[in-house]
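Please read the structure below before turning to the comments.
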Amino acid sequence: MIILNEQDRIMPMYLQLYAALRDEIRSRIRPPGSRLPSRRRMASELSVSESTVDGAYSQLLSEGYIRAVRGSGYYVCEIDDLITFRSDTQPKDSDISHSGKIEVDFSASRIDHAGFPYNQWRKIQKNCFDELQPELLSSPPVQGYLPLREEIAAYLFQARGVHCSPDQLVIGAGTDHLLQILSFILDSHYSLTMENPIYLSTVAHFERLGHPVHFVDLDDQGLNADELEGLSHTLVYITPSHQYPLGFSMPISRRIRLLNWANDGEDRFILEDDYDSEFRYDSRPIASLQSLDTAGRVIYLGSFSKAIAPSLRISYMVLPESLLTLYNERYTAFSPAVSGFEQRVLAEFMHSGAFTAHVNRMRKLYRMRRALLVDLLSAWNDQIRISGENAGHHLLLTDLRGWSEDELCRCACSAGVRVYPISRCFHGELPERYRSTVLLGYAGLEPEEIRKGVSRLKVAWKLHNV
């Protein structure tokens with residue numbers, strides 16, 4: 001029986017009737033092939049206007065629940081039953097003890113929010129709208145806003161030694177987007193060779209477009225070019241300035257051998273992801289691999305996620321001339337993925353000198369937080385070892401007593417602290433030497449949070465002072 005509510009101000013009468021009839025058809029109260037009452041009869045039975053019935057029938061007809069037969073009326077269509085799945089709302093066993101209890105999160109993906117230059121950013125945004133600029137409302141070039149590319153090119157030369165013109169820069173909506181572009185412009189014969197360990201989500205972009213993916217295990221100096229001999233049509237993905245997650249830098253001897261390998265064969269390229277390059281604490285930033293490249297074999301990748309904020313979603317890629325030609329041939333027909341307004345704001349932020357000042361300020365802040373974390377942990381140097389702490393936003397902690405990665409993470413969580421397993425960065429089996437290692441980030445934690453977290457880890461991990 002259909003009941004309509006005339007007092008319902010949210011749902012009009014015709015939609016109430018439509019919903020009631022729809023549910024009856026779905027539940028087969030009105031079976032396939034059955035005829036609906038005429039509009040006049042339905043209106044009389046429900047004491048509503050024929051226009052109300054007509055509106056309901058029209059909606060059912062447009063969605064395919066009923067069909068109209070000329071001179072005969074409306075009939076219910078044959079519709080398959082929708083297979084439904086009951087959602088498992090119960091948390092997994094591994095999550096039950098952690099849910100809602102984490103008070104200190106040593107995440108490496110966080111930044112310091114209080115240090116963001118809110119006032120400067122707000123002022124620049126306002127200034128961008130102060131004058132009538134028709135181009136502000138137009139779609140930006142797919143390769144990126146030219147003044148922003150000019151600012152980035154100048155910054156990269158000054159800070160990282162990168163040699164490029166603004167024409168070689170491509171602006172993307174995050175690093176993942178740039179990797180999608182790169183995997184698109186390279187033909188499917190190109191394979192991808194990656195460091196192991198690495199940020200594994202990178203792999204998916206290439207695999208989905210048909211590129212074979214291989215992994216090379218690292219030693220203490222990074223990727224060894226000897227492992228690449230005989231390869232062609234290959235893109236080698238590396239993080240030489242600050243290897244993620246291990247944290248070391250590739251020495252110059254390895255860099256030169258890698259470049260020589262690339263120069264010695266056909267269709268060999270190196271993708272240099274300059275992860276966390278702005279944040280080096282015990283020495284000046286190391287020059288990029290691209291700065292040594294004289295044959296156009298290095299593709300340089302960078303991002304503002306850590307230097308400004310992850311939500312900005314603006315990254316950049318420097319293409320060698322040969323790949324720039326492919327980009328112009330194969331990709332420029334696509335629509336731009338980055339807001340032109342945000343590109344303008346960022347360009348002005350860099351041009352004003354505010355970006356350099358912000359990075360210097362944050363480098364000092366993160367250096368202090370890193371020093372605090374290292375100092376607190378050093379009380380147990382006979383039980384734990386710290387590594388990878390010279391750059392970036394995280395360090396690695398290895399338990400020398402033999403606690404497993406799982407034990408370290410689980411006991412930390414039980415104490416309200418989250419540390420991160422390094423195994424998620426490895427393809428294949430976790431090497432024996434890293435089975436007692438976890439990752440701790442510090443950039444997004446206030447000093448009191450770092451102290452609180454370490455104090456709880458001491459108890460959870462049963463660390464004792466000498």
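In the structure tokens, the first chain shown is A, the next is B, and so on; residue numbers restart at 1 for each chain, and ligands run from 1 in the order shown.
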Can you tell me, as a list of chain:residue names, what residues are no more than 9 Å from range 292-298 of chain A when counting only C-alpha atoms, ignoring any on the same chain fewer than 6 positions away?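 The contact residues come out as A:Gly161, A:Val162, A:His163, A:Arg255, A:Ile256, A:Leu259, A:Ala262, A:Asn263, A:Asp267, A:Arg268, A:Phe269, A:Ile270, A:Leu271, A:Glu272, A:Val318, A:Leu319, A:Pro320, A:Glu321, A:Ser322.
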What's around Arg122 in chain A at 12 Å? Count only C-alpha atoms, leave out sequence neighbours fewer than 6 positions away in its own chain, and write the answer as a list in words.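 In the requested form, the answer reads Phe116, Cys128, Phe129, Glu342, Val345, Leu346, Glu348 and Phe349 of chain A.
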Find the distance between CA of Asp382 in chain A and CA of Ser436 in chain A and write it in Å to one decimal.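 CA of Ser436 in chain A lies at a distance of 14.5 Å from CA of Asp382 in chain A.
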List the spatial neighbours of range 76-81 of chain A as a list of chain:residue names - criterion: any atom at most 10 Å away, only C-alpha atoms, same-chain residues fewer than 6 positions off excluded. A:Arg22, A:Ile25, A:Arg26, A:Ser27, A:Arg28, A:Arg30, A:Pro31, A:Pro32, A:Gly33, A:Ser34, A:Arg35, A:Leu36, A:Leu60, A:Leu61, A:Gly64, A:Tyr65, A:Ile66, A:Arg67, A:Ala68
Write out as a PDB file with N, CA and C atoms, in the first residue's frame each polymer residue whose atoms come within 6 Å of range 365-378 of chain A, counting only C-alpha atoms; drop sequence neighbours fewer than 3 positions from it.
```
ATOM      1  N   MET A 362      62.274  26.390   7.793  1.00  0.00           N
ATOM      2  CA  MET A 362      61.836  25.029   8.109  1.00  0.00           C
ATOM      3  C   MET A 362      63.023  24.088   8.267  1.00  0.00           C
ATOM      4  N   ASN A 381      72.207   3.550  23.023  1.00  0.00           N
ATOM      5  CA  ASN A 381      73.046   3.198  21.881  1.00  0.00           C
ATOM      6  C   ASN A 381      73.526   1.754  21.910  1.00  0.00           C
ATOM      7  N   ALA A 443      59.080  15.442  11.558  1.00  0.00           N
ATOM      8  CA  ALA A 443      58.813  16.805  11.098  1.00  0.00           C
ATOM      9  C   ALA A 443      57.485  17.346  11.619  1.00  0.00           C
TER      10      ALA A 443
END
```
Could you name the residues that touch Leu408 in chain A at 12 Å or less, counting only C-alpha atoms, but leaving out those on the same chain fewer than 6 positions away, as a list in words?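 Listed by chain and then number, they are Ile384, Leu397, Thr398, Asp399, Leu400, Arg401, Gly402, Ser414, Ala415, Val417, Arg418, Val419, Tyr420, Pro421, Ile422, Arg435, Ser436, Thr437, Val438, Leu439, Leu440, Leu457, Lys458, Val459, Ala460, Trp461, Lys462 and Leu463 of chain A.
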Residue neighbourhood Ala154 in chain A, 10 Å, only C-alpha atoms, exclusion window fewer than 3 positions, as a PDB file with C-alpha atoms, in the first residue's frame:
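And here is the file that came out, around28.pdb:
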```pdb
ATOM      1  CA  LEU A 148      56.287  29.419 -12.600  1.00  0.00           C
ATOM      2  CA  ARG A 149      58.500  27.306 -14.839  1.00  0.00           C
ATOM      3  CA  GLU A 150      60.931  30.221 -15.055  1.00  0.00           C
ATOM      4  CA  GLU A 151      61.051  30.521 -11.261  1.00  0.00           C
ATOM      5  CA  PHE A 157      70.082  25.905 -10.908  1.00  0.00           C
ATOM      6  CA  GLN A 158      70.872  27.880  -7.754  1.00  0.00           C
ATOM      7  CA  ALA A 159      69.940  25.194  -5.208  1.00  0.00           C
ATOM      8  CA  ARG A 160      70.552  21.891  -6.990  1.00  0.00           C
ATOM      9  CA  GLY A 161      72.835  22.700  -9.923  1.00  0.00           C
ATOM     10  CA  VAL A 162      70.191  21.529 -12.393  1.00  0.00           C
ATOM     11  CA  HIS A 163      70.755  22.788 -15.941  1.00  0.00           C
ATOM     12  CA  CYS A 164      67.480  23.355 -17.755  1.00  0.00           C
ATOM     13  CA  SER A 165      65.414  25.927 -19.568  1.00  0.00           C
ATOM     14  CA  PRO A 166      61.795  26.674 -18.616  1.00  0.00           C
ATOM     15  CA  MET A 350      58.969  32.074  -5.274  1.00  0.00           C
ATOM     16  CA  HIS A 351      59.605  35.358  -7.090  1.00  0.00           C
TER      17      HIS A 351
END
```
Check the smallest atom-to-atom distance from each of A:Gly416, A:Gly441, A:Gly453, A:Gly247 to Asn390 in chain A using only C-alpha atoms, then report the winner.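 Ranking A:Gly416, A:Gly441, A:Gly453, A:Gly247 by distance to Asn390 in chain A, first place goes to A:Gly247.
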In Å to one decimal, how far is CA of Ile450 in chain A from CA of Cys425 in chain A?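 That distance, rounded to one decimal, is 24.1 Å.
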Among the residues of range 170-338 of chain A, find those DSSP assigns to alpha helix (DSSP H) from the backbone and print them as a PyMOL selection string. chain A and resi 175-185+202-207+252-263+321-330
From a DSSP calculation on the backbone, collect every residue of range 16-243 of chain A in strand (DSSP E or B) and output the set as a PyMOL selection string. chain A and resi 35+66-69+73-76+104-105+169-172+191-196+213-217+219+222+234-238
If you count only C-alpha atoms, which residues fall within 6 Å of range 174-176 of chain A, apart from same-chain ones fewer than 3 positions away, as number ranges by chain? A: 179, 313-315
Export N, CA, C and O atoms of the chosen residues as a compact mmCIF listing (two decimals), in the first residue's frame?
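Ended up saving to part-v3.txt:
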```
# COMPACT_ATOMS: atom_id res chain seq x y z
N LEU A 179 54.59 10.83 -13.11
CA LEU A 179 54.98 9.48 -13.48
C LEU A 179 54.00 8.89 -14.50
O LEU A 179 54.41 8.14 -15.40
N ARG A 313 49.92 19.92 -4.01
CA ARG A 313 49.84 19.01 -5.15
C ARG A 313 50.45 19.60 -6.42
O ARG A 313 49.88 19.52 -7.51
N ILE A 314 51.61 20.21 -6.29
CA ILE A 314 52.33 20.70 -7.46
C ILE A 314 53.73 20.11 -7.45
O ILE A 314 54.47 20.27 -6.49
N SER A 315 54.05 19.40 -8.51
CA SER A 315 55.39 18.83 -8.70
C SER A 315 55.90 19.26 -10.06
O SER A 315 55.17 19.85 -10.87
```
Best match for closeness to Tyr244 in chain A among A:Met194, A:Ala357, A:Leu186, A:Val338, counting only C-alpha atoms: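 Of A:Met194, A:Ala357, A:Leu186, A:Val338, the one nearest Tyr244 in chain A is A:Met194, counting only C-alpha atoms.
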Interatomic distance between CA of Ala173 in chain A and CA of Pro140 in chain A? 13.1 Å
Go through A:Leu4, A:Leu15, A:Ala20, A:Leu258 and flag the residue nearest Val48 in chain A, using only C-alpha atoms for the distances.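 Answer, going by the shortest atom-to-atom distance: A:Leu4.
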